[in-house]
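Chemist: data_5.txt is reproduced in full below (compact mmCIF, C-alpha atoms).
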```
# COMPACT_ATOMS: atom_id res chain seq x y z
CA MET A 1162 73.22 151.94 151.44
CA PRO A 1163 74.61 150.45 148.20
CA SER A 1164 72.51 150.96 145.08
CA PRO A 1165 70.80 147.84 143.73
CA ASP A 1166 72.39 145.98 140.86
CA PRO A 1167 70.56 147.03 137.66
CA LEU A 1168 71.03 143.51 136.29
CA ALA A 1169 69.87 141.68 139.42
CA GLY A 1170 66.66 140.43 137.81
CA LEU A 1171 68.47 139.24 134.68
CA ILE A 1172 71.15 137.49 136.77
CA ALA A 1173 68.50 135.75 138.86
CA ALA A 1174 66.68 134.59 135.74
CA ALA A 1175 69.91 133.18 134.29
CA GLN A 1176 70.63 131.35 137.54
CA LEU A 1177 67.18 129.79 137.47
CA SER A 1178 67.54 128.81 133.78
CA PRO A 1179 71.25 128.10 133.23
CA ASP A 1180 70.50 126.19 129.99
CA ASN A 1181 68.66 129.15 128.45
CA LEU A 1182 71.48 130.18 126.14
CA PRO A 1183 69.77 133.19 124.50
CA LEU A 1184 69.10 134.55 127.99
CA ARG A 1185 72.72 134.08 129.06
CA THR A 1186 73.92 135.68 125.83
CA HIS A 1187 71.68 138.66 126.52
CA LEU A 1188 73.09 138.85 130.06
CA ALA A 1189 76.64 138.82 128.66
CA GLU A 1190 75.75 141.70 126.33
CA ALA A 1191 74.29 143.62 129.25
CA PHE A 1192 77.44 143.05 131.34
CA ALA A 1193 79.59 144.25 128.43
CA GLY A 1194 77.44 147.36 128.01
CA LEU A 1195 78.10 148.29 131.64
CA GLY A 1196 81.83 147.65 131.34
CA ARG A 1197 81.67 144.51 133.51
CA PHE A 1198 83.98 142.65 131.16
CA ALA A 1199 85.00 139.73 133.38
CA GLU A 1200 81.35 138.82 134.03
CA ALA A 1201 80.51 139.23 130.34
CA GLU A 1202 83.37 136.91 129.34
CA ALA A 1203 82.27 134.31 131.89
CA GLU A 1204 78.75 134.28 130.43
CA TYR A 1205 79.97 134.06 126.83
CA ARG A 1206 82.23 131.15 127.74
CA ALA A 1207 79.39 129.40 129.52
CA VAL A 1208 77.33 129.64 126.33
CA LEU A 1209 80.28 128.40 124.22
CA ALA A 1210 80.70 125.43 126.54
CA LYS A 1211 77.25 124.32 125.37
CA GLN A 1212 77.59 125.53 121.74
CA PRO A 1213 81.35 125.66 120.96
CA GLN A 1214 80.99 126.80 117.34
CA GLU A 1215 78.19 129.38 117.69
CA PRO A 1216 79.50 132.13 115.37
CA THR A 1217 77.54 135.05 116.80
CA VAL A 1218 78.78 134.31 120.33
CA LEU A 1219 82.37 133.84 119.14
CA LEU A 1220 82.19 137.18 117.37
CA ALA A 1221 80.72 138.83 120.47
CA LEU A 1222 83.56 137.39 122.57
CA ALA A 1223 86.14 138.70 120.07
CA ARG A 1224 84.53 142.15 120.20
CA LEU A 1225 84.66 142.03 123.99
CA TYR A 1226 88.38 141.31 123.88
CA HIS A 1227 88.92 144.07 121.33
CA GLN A 1228 86.96 146.49 123.51
CA GLN A 1229 89.41 145.76 126.34
CA GLY A 1230 92.47 146.13 124.15
CA LYS A 1231 93.23 142.40 124.25
CA ALA A 1232 94.18 142.19 120.59
CA SER A 1233 95.94 138.82 120.72
CA GLN A 1234 92.99 137.06 122.37
CA ALA A 1235 90.59 138.65 119.88
CA SER A 1236 92.80 137.56 116.97
CA VAL A 1237 92.88 133.94 118.15
CA VAL A 1238 89.08 133.79 118.34
CA LEU A 1239 88.64 135.48 114.96
CA GLU A 1240 91.30 133.46 113.13
CA ASN A 1241 89.43 130.29 114.12
CA LEU A 1242 86.02 131.78 113.41
CA VAL A 1243 86.79 132.98 109.86
CA ARG A 1244 87.83 129.47 108.83
CA ASP A 1245 84.11 128.74 108.69
CA PRO A 1246 82.83 129.70 105.20
CA ASN A 1247 79.64 130.95 106.84
CA ALA A 1248 81.42 133.16 109.38
CA PRO A 1249 79.66 136.49 110.00
CA ALA A 1250 80.89 139.36 107.83
CA GLY A 1251 81.65 141.33 110.97
CA ALA A 1252 84.29 138.74 111.94
CA HIS A 1253 86.25 139.42 108.73
CA VAL A 1254 85.96 143.20 109.18
CA LEU A 1255 87.08 143.11 112.83
CA LEU A 1256 89.99 140.80 111.95
CA ALA A 1257 90.96 143.26 109.19
CA LYS A 1258 91.12 146.02 111.78
CA LEU A 1259 93.36 143.94 114.04
CA LEU A 1260 95.62 142.92 111.14
CA LEU A 1261 96.01 146.56 110.11
CA ASN A 1262 96.98 147.51 113.67
CA GLU A 1263 99.63 144.78 113.52
CA GLY A 1264 101.02 146.26 110.31
CA ASP A 1265 99.78 143.48 108.02
CA ALA A 1266 97.99 145.74 105.55
CA GLU A 1267 97.89 143.18 102.72
CA ARG A 1268 95.98 140.57 104.73
CA ALA A 1269 93.82 143.30 106.26
CA VAL A 1270 92.69 144.44 102.81
CA ALA A 1271 91.87 140.86 101.77
CA ARG A 1272 89.88 140.22 104.95
CA TYR A 1273 87.98 143.48 104.69
CA LYS A 1274 87.05 142.82 101.07
CA LEU A 1275 85.86 139.33 101.96
CA GLY A 1276 83.71 140.69 104.78
CA VAL A 1277 82.10 143.32 102.56
CA GLU A 1278 81.57 140.72 99.83
CA THR A 1279 79.74 138.51 102.33
CA ASP A 1280 77.55 141.36 103.59
CA PRO A 1281 77.89 144.91 102.21
CA ALA A 1282 76.16 146.20 105.36
CA ALA A 1283 79.30 145.26 107.35
CA ALA A 1284 81.31 147.97 105.56
CA ASP A 1285 83.30 150.30 107.82
CA PRO A 1286 84.03 153.52 105.85
CA GLU A 1287 86.65 154.68 108.37
CA LEU A 1288 88.53 151.37 108.17
CA ALA A 1289 88.18 151.31 104.37
CA ALA A 1290 89.77 154.76 104.21
CA ARG A 1291 92.69 153.61 106.38
CA LEU A 1292 93.13 150.60 104.08
CA GLY A 1293 93.05 152.82 100.99
CA ILE A 1294 89.98 151.06 99.54
CA ASP A 1295 87.76 153.11 97.27
CA GLN A 1296 84.21 151.98 97.89
CA SER A 1297 82.68 154.23 95.26
CA PRO A 1298 80.46 152.16 92.95
CA ASP A 1299 80.52 154.76 90.14
CA ALA A 1300 80.62 153.22 86.64
CA SER A 1301 80.69 149.75 88.14
CA GLU A 1302 78.38 146.80 87.93
CA VAL A 1303 77.62 145.09 91.22
CA SER A 1304 76.70 141.41 91.40
CA ASP A 1305 76.38 139.32 94.55
CA GLY A 1306 78.13 142.04 96.54
CA ARG A 1307 81.14 142.07 94.18
CA VAL A 1308 81.97 144.77 91.65
CA ALA A 1309 82.42 143.53 88.10
CA VAL A 1310 85.99 143.68 86.88
CA GLY A 1311 86.59 145.35 83.54
CA ASP A 1312 88.82 144.16 80.74
CA PHE A 1313 91.52 146.53 81.94
CA GLU A 1314 91.88 144.51 85.14
CA SER A 1315 94.43 141.72 85.17
CA ALA A 1316 95.28 138.97 87.61
CA ALA A 1317 97.75 139.70 90.35
CA ASP A 1318 101.42 138.98 89.69
CA VAL A 1319 102.18 135.77 91.58
CA SER A 1320 105.72 135.14 90.35
CA GLY A 1321 107.16 136.60 93.56
CA ARG A 1322 105.48 133.85 95.61
CA LEU A 1323 107.74 131.11 94.21
CA GLU A 1324 109.98 129.45 96.82
CA ARG A 1325 112.68 126.78 96.81
CA PRO A 1326 112.40 125.19 100.27
CA LYS A 1327 115.51 123.69 101.84
CA ILE A 1328 113.80 121.62 104.54
CA ARG A 1329 113.27 117.89 104.04
CA PHE A 1330 111.14 115.20 105.68
CA ALA A 1331 113.98 114.59 108.13
CA ASP A 1332 113.32 118.10 109.48
CA VAL A 1333 109.69 117.23 110.27
CA GLY A 1334 109.15 115.26 113.45
CA GLY A 1335 106.66 112.38 113.44
CA MET A 1336 103.78 112.12 110.93
CA ASP A 1337 105.24 108.95 109.37
CA THR A 1338 101.90 107.73 107.99
CA VAL A 1339 101.25 111.04 106.26
CA LYS A 1340 104.80 111.10 104.86
CA ASP A 1341 104.36 107.59 103.44
CA GLU A 1342 101.18 108.62 101.62
CA ILE A 1343 102.89 111.70 100.20
CA ARG A 1344 105.83 109.58 99.07
CA LEU A 1345 103.50 107.18 97.24
CA LYS A 1346 101.38 109.90 95.64
CA ILE A 1347 103.93 112.62 94.95
CA ILE A 1348 107.57 111.75 95.59
CA HIS A 1349 107.87 108.29 94.03
CA PRO A 1350 106.22 109.35 90.74
CA LEU A 1351 108.84 112.07 90.35
CA GLN A 1352 111.70 109.74 91.25
CA HIS A 1353 110.47 106.84 89.05
CA PRO A 1354 108.55 108.52 86.19
CA ASP A 1355 109.02 105.67 83.69
CA LEU A 1356 107.63 103.10 86.11
CA TYR A 1357 104.52 105.15 86.82
CA LYS A 1358 103.95 105.91 83.14
CA ALA A 1359 104.17 102.19 82.38
CA TYR A 1360 101.15 101.73 84.66
CA GLY A 1361 99.38 104.75 83.19
CA LYS A 1362 99.67 106.77 86.41
CA PRO A 1363 100.09 110.53 85.92
CA ILE A 1364 102.83 112.43 87.73
CA GLY A 1365 100.96 114.83 89.96
CA GLY A 1366 97.65 114.92 91.72
CA GLY A 1367 96.18 116.24 94.92
CA ILE A 1368 96.34 115.47 98.63
CA LEU A 1369 94.15 117.10 101.26
CA MET A 1370 95.54 117.23 104.81
CA TYR A 1371 93.17 117.92 107.67
CA GLY A 1372 93.44 118.09 111.42
CA PRO A 1373 93.56 120.54 114.33
CA PRO A 1374 95.31 123.88 113.77
CA GLY A 1375 98.99 124.30 114.54
CA CYS A 1376 100.00 120.68 113.84
CA GLY A 1377 102.48 121.31 111.04
CA LYS A 1378 100.47 120.91 107.83
CA THR A 1379 102.14 123.92 106.18
CA HIS A 1380 105.59 122.83 107.39
CA LEU A 1381 105.02 119.37 105.94
CA ALA A 1382 103.95 120.85 102.58
CA ARG A 1383 107.19 122.84 102.37
CA ALA A 1384 109.18 119.75 103.31
CA THR A 1385 107.47 117.85 100.48
CA ALA A 1386 108.75 120.40 97.98
CA GLY A 1387 112.21 120.28 99.54
CA GLU A 1388 112.24 116.47 99.42
CA VAL A 1389 111.93 116.45 95.61
CA ARG A 1390 113.72 119.79 95.06
CA ALA A 1391 110.56 121.23 93.54
CA ALA A 1392 109.30 124.79 93.42
CA PHE A 1393 106.77 125.74 96.10
CA ILE A 1394 103.90 128.23 96.00
CA ALA A 1395 101.96 128.84 99.22
CA VAL A 1396 98.47 130.18 98.54
CA GLY A 1397 96.45 132.03 101.16
CA LEU A 1398 92.96 133.47 100.98
CA GLU A 1399 94.35 136.91 100.27
CA ASP A 1400 96.09 135.60 97.14
CA VAL A 1401 92.81 134.51 95.56
CA LEU A 1402 89.75 136.26 96.95
CA ASP A 1403 88.92 139.68 95.62
CA MET A 1404 85.82 141.83 95.79
CA TRP A 1405 85.97 142.45 92.01
CA LEU A 1406 83.75 140.04 90.08
CA GLY A 1407 85.89 137.69 88.00
CA SER A 1408 89.17 138.75 89.59
CA SER A 1409 89.28 135.85 92.07
CA GLU A 1410 88.92 133.37 89.22
CA LYS A 1411 91.74 135.10 87.33
CA ASN A 1412 93.97 135.00 90.40
CA LEU A 1413 93.33 131.27 90.81
CA HIS A 1414 94.13 130.58 87.15
CA ALA A 1415 97.33 132.65 87.41
CA LEU A 1416 98.51 130.59 90.38
CA PHE A 1417 98.00 127.31 88.54
CA ASP A 1418 99.71 128.75 85.44
CA GLU A 1419 102.72 129.77 87.52
CA ALA A 1420 102.92 126.24 88.95
CA ARG A 1421 102.73 124.72 85.46
CA ARG A 1422 105.55 126.96 84.21
CA ASN A 1423 107.78 125.86 87.10
CA ARG A 1424 107.02 122.15 87.24
CA PRO A 1425 107.74 120.10 89.21
CA CYS A 1426 105.97 122.41 91.60
CA VAL A 1427 104.07 121.97 94.85
CA LEU A 1428 101.04 124.26 94.93
CA PHE A 1429 99.84 124.52 98.53
CA PHE A 1430 96.42 125.90 99.50
CA ASP A 1431 95.99 126.80 103.16
CA GLU A 1432 92.48 127.14 104.63
CA VAL A 1433 91.19 125.51 101.44
CA ASP A 1434 87.70 125.11 102.93
CA ALA A 1435 87.23 128.88 102.47
CA LEU A 1436 87.84 128.49 98.72
CA ALA A 1437 86.19 125.10 98.27
CA ALA A 1438 83.19 125.26 100.59
CA SER A 1439 80.16 123.12 99.90
CA ARG A 1440 78.15 124.87 97.21
CA THR A 1441 74.91 123.97 98.97
CA ASP A 1442 76.01 126.22 101.87
CA LEU A 1443 76.85 129.24 99.73
CA ARG A 1444 74.40 132.11 99.56
CA GLN A 1445 76.02 133.87 96.59
CA SER A 1446 76.65 132.65 93.06
CA ALA A 1447 80.05 134.40 93.03
CA GLY A 1448 81.38 131.82 95.49
CA ARG A 1449 80.16 129.00 93.24
CA MET A 1450 82.04 130.54 90.31
CA ILE A 1451 85.30 130.38 92.27
CA ILE A 1452 84.65 126.72 93.14
CA ASN A 1453 83.89 125.86 89.52
CA GLN A 1454 87.14 127.54 88.46
CA PHE A 1455 89.05 125.61 91.14
CA LEU A 1456 87.60 122.30 89.96
CA SER A 1457 88.42 123.15 86.35
CA GLU A 1458 92.05 123.92 87.25
CA LEU A 1459 92.39 120.68 89.23
CA ASP A 1460 91.05 118.73 86.25
CA GLY A 1461 93.56 120.38 83.91
CA ALA A 1462 90.73 121.41 81.61
CA THR A 1463 92.78 124.09 79.81
CA ALA A 1464 96.35 122.85 80.42
CA SER A 1465 98.00 119.67 81.67
CA ASN A 1466 98.76 119.42 85.38
CA ASP A 1467 101.45 116.79 84.85
CA GLY A 1468 104.19 117.61 87.36
CA VAL A 1469 101.96 119.93 89.40
CA LEU A 1470 101.52 118.57 92.90
CA VAL A 1471 98.56 120.10 94.71
CA LEU A 1472 98.54 119.97 98.50
CA ALA A 1473 95.82 121.57 100.58
CA ALA A 1474 95.17 121.94 104.29
CA THR A 1475 92.00 122.52 106.24
CA ASN A 1476 90.81 122.40 109.82
CA ALA A 1477 87.23 121.74 108.69
CA PRO A 1478 87.07 119.03 106.00
CA TRP A 1479 83.34 118.64 106.64
CA HIS A 1480 82.78 122.04 104.98
CA LEU A 1481 84.54 120.99 101.76
CA ASP A 1482 82.43 120.51 98.63
CA ALA A 1483 82.11 116.79 97.86
CA ALA A 1484 83.21 117.36 94.25
CA PHE A 1485 86.78 118.01 95.45
CA ARG A 1486 87.04 114.45 96.78
CA ARG A 1487 86.49 112.89 93.36
CA PRO A 1488 89.40 110.78 92.02
CA GLY A 1489 91.81 112.96 90.09
CA ARG A 1490 91.26 115.91 92.42
CA PHE A 1491 91.93 115.54 96.16
CA ASP A 1492 91.76 111.77 96.00
CA ARG A 1493 93.91 111.29 99.12
CA ILE A 1494 92.54 112.76 102.34
CA LEU A 1495 95.02 112.46 105.19
CA PHE A 1496 94.50 113.10 108.88
CA VAL A 1497 97.35 115.07 110.50
CA PRO A 1498 97.05 114.51 114.26
CA PRO A 1499 98.85 116.40 117.02
CA PRO A 1500 102.51 115.31 117.27
CA ASP A 1501 103.23 112.16 119.26
CA ALA A 1502 105.66 112.13 122.22
CA PRO A 1503 108.91 111.69 120.18
CA ALA A 1504 107.79 114.41 117.78
CA ARG A 1505 106.91 116.74 120.67
CA ALA A 1506 110.36 116.23 122.15
CA ALA A 1507 111.95 117.02 118.78
CA ILE A 1508 109.81 120.16 118.37
CA LEU A 1509 110.69 121.38 121.88
CA ARG A 1510 114.37 120.80 121.14
CA VAL A 1511 114.18 122.91 117.97
CA LEU A 1512 112.19 125.68 119.67
CA SER A 1513 114.72 125.87 122.52
CA THR A 1514 117.69 126.25 120.19
CA GLY A 1515 119.56 129.51 120.82
CA LYS A 1516 118.09 130.03 124.28
CA PRO A 1517 120.18 129.69 127.48
CA GLN A 1518 119.40 126.25 128.87
CA GLN A 1519 120.64 123.71 131.38
CA ALA A 1520 120.29 119.94 130.77
CA LEU A 1521 116.74 120.12 129.46
CA ASP A 1522 114.90 116.78 129.53
CA PHE A 1523 112.67 117.18 126.48
CA ASP A 1524 111.29 113.64 126.74
CA GLN A 1525 109.96 114.34 130.22
CA VAL A 1526 108.26 117.55 129.06
CA ALA A 1527 106.85 115.72 126.03
CA LYS A 1528 105.11 113.23 128.33
CA LYS A 1529 103.32 116.12 130.05
CA THR A 1530 102.09 117.75 126.84
CA ASP A 1531 99.77 115.13 125.40
CA GLN A 1532 97.58 116.47 122.55
CA PHE A 1533 99.61 119.70 122.37
CA SER A 1534 100.04 121.02 118.83
CA GLY A 1535 103.29 122.46 117.56
CA ALA A 1536 101.87 125.94 118.15
CA ASP A 1537 100.95 124.96 121.73
CA LEU A 1538 104.51 123.76 122.34
CA LYS A 1539 105.81 127.12 121.13
CA ALA A 1540 103.52 128.73 123.69
CA VAL A 1541 105.08 126.53 126.39
CA ILE A 1542 108.58 127.71 125.44
CA ASP A 1543 107.39 131.31 125.31
CA LEU A 1544 105.78 131.09 128.77
CA ALA A 1545 108.92 129.55 130.28
CA THR A 1546 111.11 132.19 128.62
CA GLU A 1547 108.91 135.04 129.83
CA ALA A 1548 109.04 133.70 133.40
CA LYS A 1549 112.86 133.58 133.23
CA LEU A 1550 112.96 137.12 131.86
CA ARG A 1551 110.88 138.37 134.79
CA GLU A 1552 113.27 136.68 137.20
CA ALA A 1553 116.27 138.16 135.41
CA ILE A 1554 114.81 141.67 135.47
CA ALA A 1555 114.09 141.37 139.21
CA SER A 1556 117.48 139.90 140.15
CA GLY A 1557 119.66 141.38 137.45
CA VAL A 1558 121.15 137.93 136.85
CA PRO A 1559 120.05 135.92 133.78
CA LYS A 1560 119.55 132.20 134.42
CA PRO A 1561 119.18 129.32 131.96
CA LEU A 1562 115.94 127.47 131.22
CA THR A 1563 115.56 124.24 133.16
CA THR A 1564 113.30 121.23 132.82
CA LYS A 1565 111.39 122.47 135.86
CA ASP A 1566 110.67 125.76 134.04
CA LEU A 1567 109.28 123.95 131.00
CA LEU A 1568 107.14 121.64 133.14
CA ALA A 1569 105.72 124.63 135.04
CA ALA A 1570 104.89 126.34 131.74
CA ALA A 1571 103.31 123.15 130.39
CA ALA A 1572 101.09 122.96 133.48
CA ARG A 1573 99.85 126.50 132.80
CA ALA A 1574 99.20 125.97 129.09
CA LYS A 1575 96.26 124.02 127.69
CA PRO A 1576 96.15 122.10 124.42
CA SER A 1577 94.28 124.08 121.78
CA THR A 1578 93.37 120.85 119.98
CA THR A 1579 90.76 119.88 122.58
CA GLU A 1580 88.07 122.15 121.14
CA TRP A 1581 88.76 120.93 117.60
CA PHE A 1582 88.41 117.29 118.63
CA SER A 1583 85.10 117.98 120.38
CA THR A 1584 83.73 119.24 117.05
CA ALA A 1585 85.46 116.57 114.97
CA ARG A 1586 84.06 113.81 117.21
CA ASN A 1587 80.52 114.88 116.33
CA TYR A 1588 81.21 114.73 112.58
CA ALA A 1589 83.10 111.44 112.87
CA THR A 1590 80.26 109.91 114.88
CA PHE A 1591 77.18 111.25 113.11
CA ALA A 1592 78.33 112.28 109.60
CA ASN A 1593 80.76 109.58 108.62
CA GLN A 1594 78.74 107.56 106.13
CA GLY A 1595 81.69 107.18 103.74
CA GLY A 1596 84.20 106.43 106.49
CA GLN A 1597 86.32 109.48 105.66
CA TYR A 1598 86.70 110.39 109.34
CA ASP A 1599 87.59 106.92 110.63
CA ASP A 1600 91.12 108.15 111.40
CA ILE A 1601 89.69 110.63 113.91
CA LEU A 1602 87.82 107.87 115.73
CA LYS A 1603 90.94 105.68 115.78
CA TYR A 1604 92.96 108.52 117.25
CA LEU A 1605 90.36 109.26 119.93
CA ARG A 1606 90.27 105.60 120.99
CA LYS A 1607 93.98 105.58 121.84
```
Could you render the structure as structure tokens?
Modeler:
Amino acid sequence: MPSPDPLAGLIAAAQLSPDNLPLRTHLAEAFAGLGRFAEAEAEYRAVLAKQPQEPTVLLALARLYHQQGKASQASVVLENLVRDPNAPAGAHVLLAKLLLNEGDAERAVARYKLGVETDPAAADPELAARLGIDQSPDASEVSDGRVAVGDFESAADVSGRLERPKIRFADVGGMDTVKDEIRLKIIHPLQHPDLYKAYGKPIGGGILMYGPPGCGKTHLARATAGEVRAAFIAVGLEDVLDMWLGSSEKNLHALFDEARRNRPCVLFFDEVDALAASRTDLRQSAGRMIINQFLSELDGATASNDGVLVLAATNAPWHLDAAFRRPGRFDRILFVPPPDAPARAAILRVLSTGKPQQALDFDQVAKKTDQFSGADLKAVIDLATEAKLREAIASGVPKPLTTKDLLAAAARAKPSTTEWFSTARNYATFANQGGQYDDILKYLRK
């Protein structure tokens, strides 16, 4: 006679109250504790279907994937989760562990430090030792979870981050509206400086691009620099944030100084919402100090920003501090939607370059990939390629990619933008007093 299921009562209760999300979360934890991972994942996903952005459940799902050795799935969940300025400290620490396992020690250190800064209780001594981080507080002053930096500390050397991109707008498919705004704000002032000065318009300024992840915001920023043959500095969280008190502000100032020395220069901030989060949401004064420094640099309080072109990207503009939207800072806020059909066809064509192929009809595949981001389209190509590799290994005869292969892969893949739009719709509908999210509503009505 089979032994009774130890979770039978809990399962029955969840079936009777399917909308009791704390109960279903508890059931998922119980499944995970017994090694019943598939059932645990199903319960977590059921909860997320009702509360898509619940951070504790997202973190629990990532831990479940990590427990099973599914590093890539865990990374995807965590990369999206840590974009939220209020993400749990444990999410940063777990992502640091995954990044270290992938060999990306620099980003792992930055993530770990950010997690410990958010909540010192999240510290993992074993991971810190592997990262080479000395957590000893001897002779240090701690404030808001960050250790005060002494006079002997200096800002990181950022000169090695300078690039000279070769790509131009012609290499970026679609996004014509966004390109036109960038031309007006950034490119035309550099090409017609006398005309703009006659009207008292400075050469420089800031543009904030927002939209679902994987839609080419970083690629477009590089193309902007290439279009005007300007220097380009890409800034990530790890380039600014530091657990040492005062060091983050120094890093930020050093980045702006490097841009000013190499003007014209495009200074691009990715995941800017993590650096410029609403100060009303921040629990620690250290985060407010970074924001104040950022605002001061944008205003050119200590040095002119003439010729410095600041671009920033975010997937969550609703978390951005309102002060950044003031004229003279990020006074252009542009929606970057998923690529349209012609752009999807162009992206698929580029991604297929160098692979064996036979008369691929990219336009047909583009019609079947509505709302797919550029990253999603890469996943389609990867799935089709992997299927062909399996066939080649089995038969010993390599065969080219066909349109049928791409369509089959597209049917298996799902657009990652869907979840973002479900969240964005709520903000555009209920928190759009200034009309800043009208572009989202227009896109969703198509």
Chemist: Find the residues of segment 1337-1437 of chain A that sit at most 12 Å from segment 1560-1580 of chain A; for each, write down the nearest two atoms and how far apart they are in Å, to one decimal. Count only C-alpha atoms. Sort by chain, then by number going up, and give it as JSON lines.
Modeler:
```
{"residue": "A:Gly1372", "atom": "CA", "partner": "A:Thr1578", "partner_atom": "CA", "distance": 9.0}
{"residue": "A:Pro1373", "atom": "CA", "partner": "A:Thr1578", "partner_atom": "CA", "distance": 5.7}
{"residue": "A:Pro1374", "atom": "CA", "partner": "A:Thr1578", "partner_atom": "CA", "distance": 7.2}
{"residue": "A:Gly1375", "atom": "CA", "partner": "A:Thr1578", "partner_atom": "CA", "distance": 8.5}
{"residue": "A:Cys1376", "atom": "CA", "partner": "A:Thr1578", "partner_atom": "CA", "distance": 9.0}
```
Chemist: Fewer than 2 positions away in the same chain doesn't count, so skip those; otherwise give me all residues within 12 Å of Val1469 of chain A, counting only C-alpha atoms, as a ChimeraX atom specification.
Modeler: /A:1346-1348,1350-1351,1363-1368,1386,1391-1394,1416-1429,1458-1461,1464-1467,1471-1472,1490
Chemist: Atom CA of Arg1197 of chain A to atom CA of His1253 of chain A: how many Å, to one decimal?
Modeler: 25.7 Å
Chemist: My list of candidates is A:Asp1492, A:Asn1262, A:Lys1211, A:Gln1229. Which is closest to Ala1193 of chain A when distances are computed with only C-alpha atoms?
Modeler: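 With only C-alpha atoms as the atom set, the closest residue is A:Gln1229.
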Chemist: For segment 1198-1205 of chain A, list every protein, DNA or RNA residue within 10 Å, evaluated using only C-alpha atoms, and leave out those in the same chain fewer than 5 positions away; present the list as a PyMOL selection string.
Modeler: chain A and resi 1175+1182+1184-1193+1210+1218-1219+1221-1223+1225-1226+1228-1229
Chemist: What gap, in Å, lies between atom CA of Tyr1604 of chain A and atom CA of Met1370 of chain A?
Modeler: 15.4 Å
Chemist: Identify the residues within 6 Å of coordinate (112.2, 115.3, 124.2) (same frame as the file), considering only C-alpha atoms, and give the answer as an MDAnalysis selection string.
Modeler: chainID A and resid 1506:1507 1523:1524 1527
Chemist: Produce a file of the selected residues containing C-alpha atoms, as an mmCIF file, in the frame of the given file.
Modeler:
```cif
data_model
loop_
_atom_site.group_PDB
_atom_site.id
_atom_site.type_symbol
_atom_site.label_atom_id
_atom_site.label_comp_id
_atom_site.auth_asym_id
_atom_site.auth_seq_id
_atom_site.Cartn_x
_atom_site.Cartn_y
_atom_site.Cartn_z
ATOM 1 C CA ALA A 1506 110.360 116.230 122.150
ATOM 2 C CA ALA A 1507 111.950 117.020 118.780
ATOM 3 C CA PHE A 1523 112.670 117.180 126.480
ATOM 4 C CA ASP A 1524 111.290 113.640 126.740
ATOM 5 C CA ALA A 1527 106.850 115.720 126.030
#
```
Chemist: Have a look at A:Ile1494, A:Asp1337, A:Glu1278, A:Asp1332 and name the one nearest to Val1511 of chain A; count only C-alpha atoms.
Modeler: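 With only C-alpha atoms as the atom set, the closest residue is A:Asp1332.
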Chemist: What does the distance from atom CA of Asp1522 of chain A to atom CA of Lys1607 of chain A come to in Å, to one decimal?
Modeler: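 Separation between atom CA of Asp1522 of chain A and atom CA of Lys1607 of chain A: 24.9 Å.
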Chemist: Show me the residues close to (91.4, 125.8, 104.7) - anything with an atom within 7 Å, counting only C-alpha atoms - and format the list as a CSV table (one decimal) with C-alpha atoms, in the frame of the given file.
Modeler:
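Resulting contents of result_13.csv:
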```
chain,number,residue,atom,x,y,z
A,1244,ARG,CA,87.8,129.5,108.8
A,1431,ASP,CA,96.0,126.8,103.2
A,1432,GLU,CA,92.5,127.1,104.6
A,1433,VAL,CA,91.2,125.5,101.4
A,1434,ASP,CA,87.7,125.1,102.9
A,1435,ALA,CA,87.2,128.9,102.5
A,1474,ALA,CA,95.2,121.9,104.3
A,1475,THR,CA,92.0,122.5,106.2
A,1476,ASN,CA,90.8,122.4,109.8
```
Chemist: A:Lys1549, A:Arg1325, A:Arg1606, A:His1349: which is nearest Gln1518 of chain A, counting all atoms listed in the file?
Modeler: A:Lys1549
